[in-house]
Amino acid sequence: MLPRVQRCIGVFLCLAFFTPPSAAQDRSGRELVEVIIRDGPRARAINAEVEVTRREQFARLVSPNPSVAYSREGAGFTEFLQLEQTLLPFGARGALSRAGAAATTAGEAERDARLWQLRSEAETAIAHLVAEQDRVVSTEAAVRETERLVETLRVREREGEGSRFDRLRAEQELADARLALAGAVGGMHAARAVLTALLPPDVVVTRVTITSNPPRLSIDTEALVSRAMASRRELLVRKAAESRAVHEAEAARSVRRPAPTLTAGLKQADTGRADRERGGFFGITVSMPLFDTGAREAARWQAERSRVQAEFAHVERGIRAEIAGGAEVLAVRQAALASLPDDAAAEELVRTAEVGYREGEMGILGLLDAVRTAARARERNIEVRLGTRLAQIALERAVGEVLWP
């Protein structure tokens, strides 16, 4: 039995030492954001859509395929070999090229807008994971403090200096602390799963590290609105869509221009003489735009342009309101964060309560209340830090630029 156990231990140690370090490791939050934007599955799908749009526009510029026809008449013997090519209407290619360029620009702007939204989602997922990691550390500290307290009470009970009630009450508090720890660990795994869904398959994260909290920012709402008007991808998308509507309407009107069809070929005919005569022929056919003049399609694109203009005004108004509200929320969060006591104050509270309990100045309920208060203080600090970070992310998303590099 012993050799088998030794072999198992040896296999475990080999796996521990020879596992590739990239399989699971700690990563910084900024590094993970860049990986998600560059190589994440959703980012790759977003980037691929631009290429689809570009290829679709190229396909519109291709001329129709030529056709070849052969015919033969038995009466008197006449045969034809005919080649036919239909061309685009005059001026249509230039209009379609301009419309395609505008559509590609709109697609690229839409890609940038979606990637910026993805960046915000990644930042939010990282912020939640960091908060859950801090919550696990905090609840682990609370469990250790309560376990140490329970052990002390057991010793005091055996020595006759403490009561059984004190020990039982502390053990119930320990059960609650362990339950809170289990919830915190579950929350950490759930937050890590959300982040993992955004990462490439070969990137596994065990823990996210952050260097420090982002510095406090002096908020100038008007300056942020000006920056947003120049950088928000949603506005750029609608500007490009308006340009596309103009060029698409121009392309639709090109239907009124002639669309020639060229015909050329060879003819061989029996003229009643000894030899058959051969010759070539050439013709041109021009369409007559009597029914479809492109007016209806052009009107549709004009209506699309009006819709985009109205949507642009709506988005612009929403951005201003979003920045104003986000700046106010962030100012409140930053003020709350600045007024928070650090975790050392909570630890000092527990130490003071322990001294008071040993000296008989307070009972077990007062001591356990101090432990719970310290745990709530640490939890409160985590929530305030998370709220501040989420407010920063929301303001960055509204402005359209990174404000805390």
# chains A, B, ... in the order shown; residues from 1 in each chain; ligands from 1

$ select_by_dssp --residues "range 265-342 of chain A" --states "strand (DSSP E or B)" --output "JSON, numbers by chain"
{"A": [265, 266, 267, 268, 269, 277, 278, 279, 280, 281, 282, 283, 284, 285, 286]}

$ residues_around --residues "Pro258 in chain A" --least-positions-apart "3" --cutoff "12 Å" --atoms "only C-alpha atoms" --output "VMD selection string"
chain A and resid 86 to 92 253 to 255 261 284 to 290 293

$ write_last_selection --atoms "N, CA and C atoms" --output "PDB file, in the first residue's frame"
ATOM      1  N   THR A  86     -23.511  42.874 -70.587  1.00  0.00           N
ATOM      2  CA  THR A  86     -24.275  43.999 -70.046  1.00  0.00           C
ATOM      3  C   THR A  86     -23.377  44.808 -69.120  1.00  0.00           C
ATOM      4  N   LEU A  87     -23.383  46.121 -69.276  1.00  0.00           N
ATOM      5  CA  LEU A  87     -22.565  47.017 -68.472  1.00  0.00           C
ATOM      6  C   LEU A  87     -23.425  47.738 -67.434  1.00  0.00           C
ATOM      7  N   LEU A  88     -22.757  48.261 -66.412  1.00  0.00           N
ATOM      8  CA  LEU A  88     -23.466  49.057 -65.413  1.00  0.00           C
ATOM      9  C   LEU A  88     -23.913  50.370 -66.041  1.00  0.00           C
ATOM     10  N   PRO A  89     -24.977  50.983 -65.497  1.00  0.00           N
ATOM     11  CA  PRO A  89     -25.387  52.295 -66.030  1.00  0.00           C
ATOM     12  C   PRO A  89     -24.247  53.307 -65.934  1.00  0.00           C
ATOM     13  N   PHE A  90     -24.238  54.256 -66.843  1.00  0.00           N
ATOM     14  CA  PHE A  90     -23.196  55.267 -66.859  1.00  0.00           C
ATOM     15  C   PHE A  90     -23.172  56.027 -65.529  1.00  0.00           C
ATOM     16  N   GLY A  91     -21.996  56.092 -64.901  1.00  0.00           N
ATOM     17  CA  GLY A  91     -21.854  56.806 -63.631  1.00  0.00           C
ATOM     18  C   GLY A  91     -22.213  56.004 -62.399  1.00  0.00           C
ATOM     19  N   ALA A  92     -22.762  54.781 -62.606  1.00  0.00           N
ATOM     20  CA  ALA A  92     -23.196  53.994 -61.450  1.00  0.00           C
ATOM     21  C   ALA A  92     -22.005  53.467 -60.652  1.00  0.00           C
ATOM     22  N   ARG A 253     -30.351  56.797 -58.150  1.00  0.00           N
ATOM     23  CA  ARG A 253     -30.759  57.656 -59.267  1.00  0.00           C
ATOM     24  C   ARG A 253     -30.027  57.314 -60.557  1.00  0.00           C
ATOM     25  N   SER A 254     -28.904  56.626 -60.444  1.00  0.00           N
ATOM     26  CA  SER A 254     -28.154  56.283 -61.657  1.00  0.00           C
ATOM     27  C   SER A 254     -28.904  55.296 -62.536  1.00  0.00           C
ATOM     28  N   VAL A 255     -29.987  54.703 -62.030  1.00  0.00           N
ATOM     29  CA  VAL A 255     -30.795  53.792 -62.848  1.00  0.00           C
ATOM     30  C   VAL A 255     -31.396  54.526 -64.038  1.00  0.00           C
ATOM     31  N   THR A 261     -25.931  47.287 -73.340  1.00  0.00           N
ATOM     32  CA  THR A 261     -25.608  45.872 -73.505  1.00  0.00           C
ATOM     33  C   THR A 261     -24.938  45.710 -74.859  1.00  0.00           C
ATOM     34  N   ILE A 284     -25.523  47.079 -80.179  1.00  0.00           N
ATOM     35  CA  ILE A 284     -25.611  47.690 -78.843  1.00  0.00           C
ATOM     36  C   ILE A 284     -27.075  47.904 -78.509  1.00  0.00           C
ATOM     37  N   THR A 285     -27.440  47.544 -77.273  1.00  0.00           N
ATOM     38  CA  THR A 285     -28.805  47.709 -76.779  1.00  0.00           C
ATOM     39  C   THR A 285     -28.762  48.634 -75.567  1.00  0.00           C
ATOM     40  N   VAL A 286     -29.637  49.597 -75.513  1.00  0.00           N
ATOM     41  CA  VAL A 286     -29.689  50.569 -74.405  1.00  0.00           C
ATOM     42  C   VAL A 286     -31.051  50.457 -73.737  1.00  0.00           C
ATOM     43  N   SER A 287     -31.021  50.314 -72.384  1.00  0.00           N
ATOM     44  CA  SER A 287     -32.275  50.209 -71.639  1.00  0.00           C
ATOM     45  C   SER A 287     -33.002  51.547 -71.626  1.00  0.00           C
ATOM     46  N   MET A 288     -34.318  51.465 -71.543  1.00  0.00           N
ATOM     47  CA  MET A 288     -35.167  52.651 -71.492  1.00  0.00           C
ATOM     48  C   MET A 288     -35.796  52.735 -70.101  1.00  0.00           C
ATOM     49  N   PRO A 289     -35.352  53.662 -69.238  1.00  0.00           N
ATOM     50  CA  PRO A 289     -35.890  53.755 -67.872  1.00  0.00           C
ATOM     51  C   PRO A 289     -37.276  54.405 -67.854  1.00  0.00           C
ATOM     52  N   LEU A 290     -38.267  53.649 -68.330  1.00  0.00           N
ATOM     53  CA  LEU A 290     -39.627  54.183 -68.362  1.00  0.00           C
ATOM     54  C   LEU A 290     -40.392  53.938 -67.056  1.00  0.00           C
ATOM     55  N   THR A 293     -37.262  54.349 -62.446  1.00  0.00           N
ATOM     56  CA  THR A 293     -36.322  55.465 -62.580  1.00  0.00           C
ATOM     57  C   THR A 293     -35.425  55.626 -61.362  1.00  0.00           C
TER      58      THR A 293
END

$ residues_around --residues "Val68 in chain A" --least-positions-apart "5" --cutoff "12 Å" --atoms "only C-alpha atoms" --output "ChimeraX atom specification"
/A:80-85,262-266

$ write_last_selection --atoms "C-alpha atoms" --output "mmCIF file, in the first residue's frame"
data_model
loop_
_atom_site.group_PDB
_atom_site.id
_atom_site.type_symbol
_atom_site.label_atom_id
_atom_site.label_comp_id
_atom_site.auth_asym_id
_atom_site.auth_seq_id
_atom_site.Cartn_x
_atom_site.Cartn_y
_atom_site.Cartn_z
ATOM 1 C CA PHE A 80 -24.717 32.375 -85.196
ATOM 2 C CA LEU A 81 -22.096 32.470 -82.419
ATOM 3 C CA GLN A 82 -23.010 35.443 -80.214
ATOM 4 C CA LEU A 83 -21.264 37.061 -77.211
ATOM 5 C CA GLU A 84 -23.255 39.484 -75.031
ATOM 6 C CA GLN A 85 -22.078 41.738 -72.187
ATOM 7 C CA LEU A 262 -22.930 45.075 -76.121
ATOM 8 C CA THR A 263 -23.412 42.229 -78.582
ATOM 9 C CA ALA A 264 -20.799 40.801 -80.976
ATOM 10 C CA GLY A 265 -20.339 37.519 -82.812
ATOM 11 C CA LEU A 266 -19.845 35.491 -85.974
#

$ closest_atom_pairs --of "range 358-398 of chain A" --to "range 217-233 of chain A" --cutoff "10 Å" --atoms "only C-alpha atoms" --output "Markdown table"
| residue | atom | partner | partner_atom | distance |
| --- | --- | --- | --- | --- |
| A:Gln392 | CA | A:Leu217 | CA | 9.3 |
| A:Leu395 | CA | A:Leu224 | CA | 9.2 |
| A:Glu396 | CA | A:Ala228 | CA | 9.5 |
| A:Arg397 | CA | A:Arg232 | CA | 8.8 |
| A:Ala398 | CA | A:Ala228 | CA | 7.2 |

$ write_last_selection --atoms "N, CA and C atoms" --output "compact mmCIF listing (two decimals), in the first residue's frame"
# COMPACT_ATOMS: atom_id res chain seq x y z
N GLN A 392 -16.42 55.10 -12.23
CA GLN A 392 -15.36 55.51 -13.15
C GLN A 392 -15.53 54.86 -14.52
N LEU A 395 -18.38 56.50 -16.43
CA LEU A 395 -18.02 57.80 -16.98
C LEU A 395 -17.09 57.65 -18.18
N GLU A 396 -16.15 56.72 -18.12
CA GLU A 396 -15.30 56.45 -19.28
C GLU A 396 -16.12 55.98 -20.47
N ARG A 397 -17.09 55.12 -20.22
CA ARG A 397 -17.95 54.64 -21.31
C ARG A 397 -18.74 55.79 -21.92
N ALA A 398 -19.19 56.72 -21.09
CA ALA A 398 -19.96 57.86 -21.60
C ALA A 398 -19.09 58.82 -22.41

$ select_by_dssp --residues "range 40-240 of chain A" --states "helix (DSSP H, G or I)" --output "PyMOL selection string"
chain A and resi 41-60+92-158+164-198+221-231+233-240

$ atom_distance --atom1 "CA of Ile37 in chain A" --atom2 "CA of Trp404 in chain A"
17.1 Å

$ residues_around --residues "Ala345 in chain A" --least-positions-apart "3" --cutoff "12 Å" --atoms "only C-alpha atoms" --output "ChimeraX atom specification"
/A:340-342,348-352,370,373-375,377-378,381

$ residues_around --residues "Val315 in chain A" --least-positions-apart "6" --cutoff "10 Å" --atoms "only C-alpha atoms" --output "list in words"
Arg232, Glu234, Leu235, Arg238, Gln309 and Ala321 of chain A

$ write_last_selection --atoms "N, CA and C atoms" --output "PDB file, in the first residue's frame"
ATOM      1  N   ARG A 232     -16.954  59.737 -29.285  1.00  0.00           N
ATOM      2  CA  ARG A 232     -17.935  58.669 -29.114  1.00  0.00           C
ATOM      3  C   ARG A 232     -18.195  57.958 -30.424  1.00  0.00           C
ATOM      4  N   GLU A 234     -20.552  55.953 -31.268  1.00  0.00           N
ATOM      5  CA  GLU A 234     -21.937  55.940 -31.706  1.00  0.00           C
ATOM      6  C   GLU A 234     -22.254  57.139 -32.596  1.00  0.00           C
ATOM      7  N   LEU A 235     -21.652  58.297 -32.295  1.00  0.00           N
ATOM      8  CA  LEU A 235     -21.847  59.468 -33.143  1.00  0.00           C
ATOM      9  C   LEU A 235     -21.145  59.294 -34.486  1.00  0.00           C
ATOM     10  N   ARG A 238     -23.210  57.166 -36.838  1.00  0.00           N
ATOM     11  CA  ARG A 238     -24.345  57.831 -37.482  1.00  0.00           C
ATOM     12  C   ARG A 238     -23.904  58.862 -38.514  1.00  0.00           C
ATOM     13  N   GLN A 309     -30.296  61.280 -38.945  1.00  0.00           N
ATOM     14  CA  GLN A 309     -30.104  62.610 -38.366  1.00  0.00           C
ATOM     15  C   GLN A 309     -30.874  62.763 -37.061  1.00  0.00           C
ATOM     16  N   ALA A 321     -26.532  63.915 -21.122  1.00  0.00           N
ATOM     17  CA  ALA A 321     -27.170  63.547 -19.862  1.00  0.00           C
ATOM     18  C   ALA A 321     -26.386  62.450 -19.145  1.00  0.00           C
TER      19      ALA A 321
END

$ residues_around --residues "range 133-144 of chain A" --least-positions-apart "4" --cutoff "7 Å" --atoms "only C-alpha atoms" --output "PDB file with C-alpha atoms, in the first residue's frame"
ATOM      1  CA  LEU A 129     -13.913  39.855  -9.597  1.00  0.00           C
ATOM      2  CA  ARG A 148      -9.175  32.049  17.465  1.00  0.00           C
ATOM      3  CA  LEU A 174     -18.214  30.873  13.674  1.00  0.00           C
ATOM      4  CA  ALA A 177     -18.756  33.317   9.394  1.00  0.00           C
ATOM      5  CA  ARG A 178     -17.998  30.075   7.565  1.00  0.00           C
ATOM      6  CA  ALA A 180     -20.447  33.848   4.670  1.00  0.00           C
ATOM      7  CA  LEU A 181     -17.073  32.583   3.461  1.00  0.00           C
ATOM      8  CA  ALA A 184     -17.969  34.781  -0.918  1.00  0.00           C
ATOM      9  CA  VAL A 185     -16.067  31.910  -2.561  1.00  0.00           C
ATOM     10  CA  MET A 188     -15.736  34.793  -6.666  1.00  0.00           C
ATOM     11  CA  ALA A 375     -16.489  42.379   9.325  1.00  0.00           C
ATOM     12  CA  ARG A 378     -14.464  45.636   5.751  1.00  0.00           C
ATOM     13  CA  GLU A 379     -17.462  44.666   3.627  1.00  0.00           C
ATOM     14  CA  ILE A 382     -15.193  46.758  -0.439  1.00  0.00           C
TER      15      ILE A 382
END

$ residues_around --residues "Asp26 in chain A" --least-positions-apart "2" --cutoff "6 Å" --atoms "only C-alpha atoms" --output "VMD selection string"
chain A and resid 205 to 208

$ write_last_selection --atoms "C-alpha atoms" --output "CSV table (one decimal), in the first residue's frame"
chain,number,residue,atom,x,y,z
A,205,VAL,CA,-6.9,33.3,-14.7
A,206,THR,CA,-6.7,32.3,-11.0
A,207,ARG,CA,-6.5,35.8,-9.6
A,208,VAL,CA,-6.7,39.4,-10.9

$ closest_atom_pairs --of "range 44-72 of chain A" --to "range 106-126 of chain A" --cutoff "10 Å" --atoms "only C-alpha atoms" --output "CSV"
residue,atom,partner,partner_atom,distance
A:Arg44,CA,A:Leu115,CA,9.9
A:Ala45,CA,A:Arg111,CA,9.8
A:Ile46,CA,A:Arg111,CA,6.0
A:Asn47,CA,A:Arg111,CA,6.5
A:Ala48,CA,A:Arg111,CA,9.2
A:Glu49,CA,A:Gly107,CA,7.8
A:Val50,CA,A:Gly107,CA,5.6
A:Glu51,CA,A:Gly107,CA,8.9
A:Val52,CA,A:Gly107,CA,9.4
A:Thr53,CA,A:Gly107,CA,6.7
A:Arg54,CA,A:Gly107,CA,8.3

$ atom_distance --atom1 "CA of Asp369 in chain A" --atom2 "CA of Glu161 in chain A"
20.9 Å

$ closest_residue --among "A:Lys239, A:Thr271, A:Arg372, A:Ala182" --to "Ala310 in chain A" --atoms "only C-alpha atoms"
A:Lys239

$ closest_residue --among "A:Ala338, A:Ala251, A:Ala59, A:Ala175" --to "Gly294 in chain A" --atoms "only C-alpha atoms"
A:Ala251

$ atom_distance --atom1 "CA of Gly360 in chain A" --atom2 "CA of Ala346 in chain A"
21.2 Å
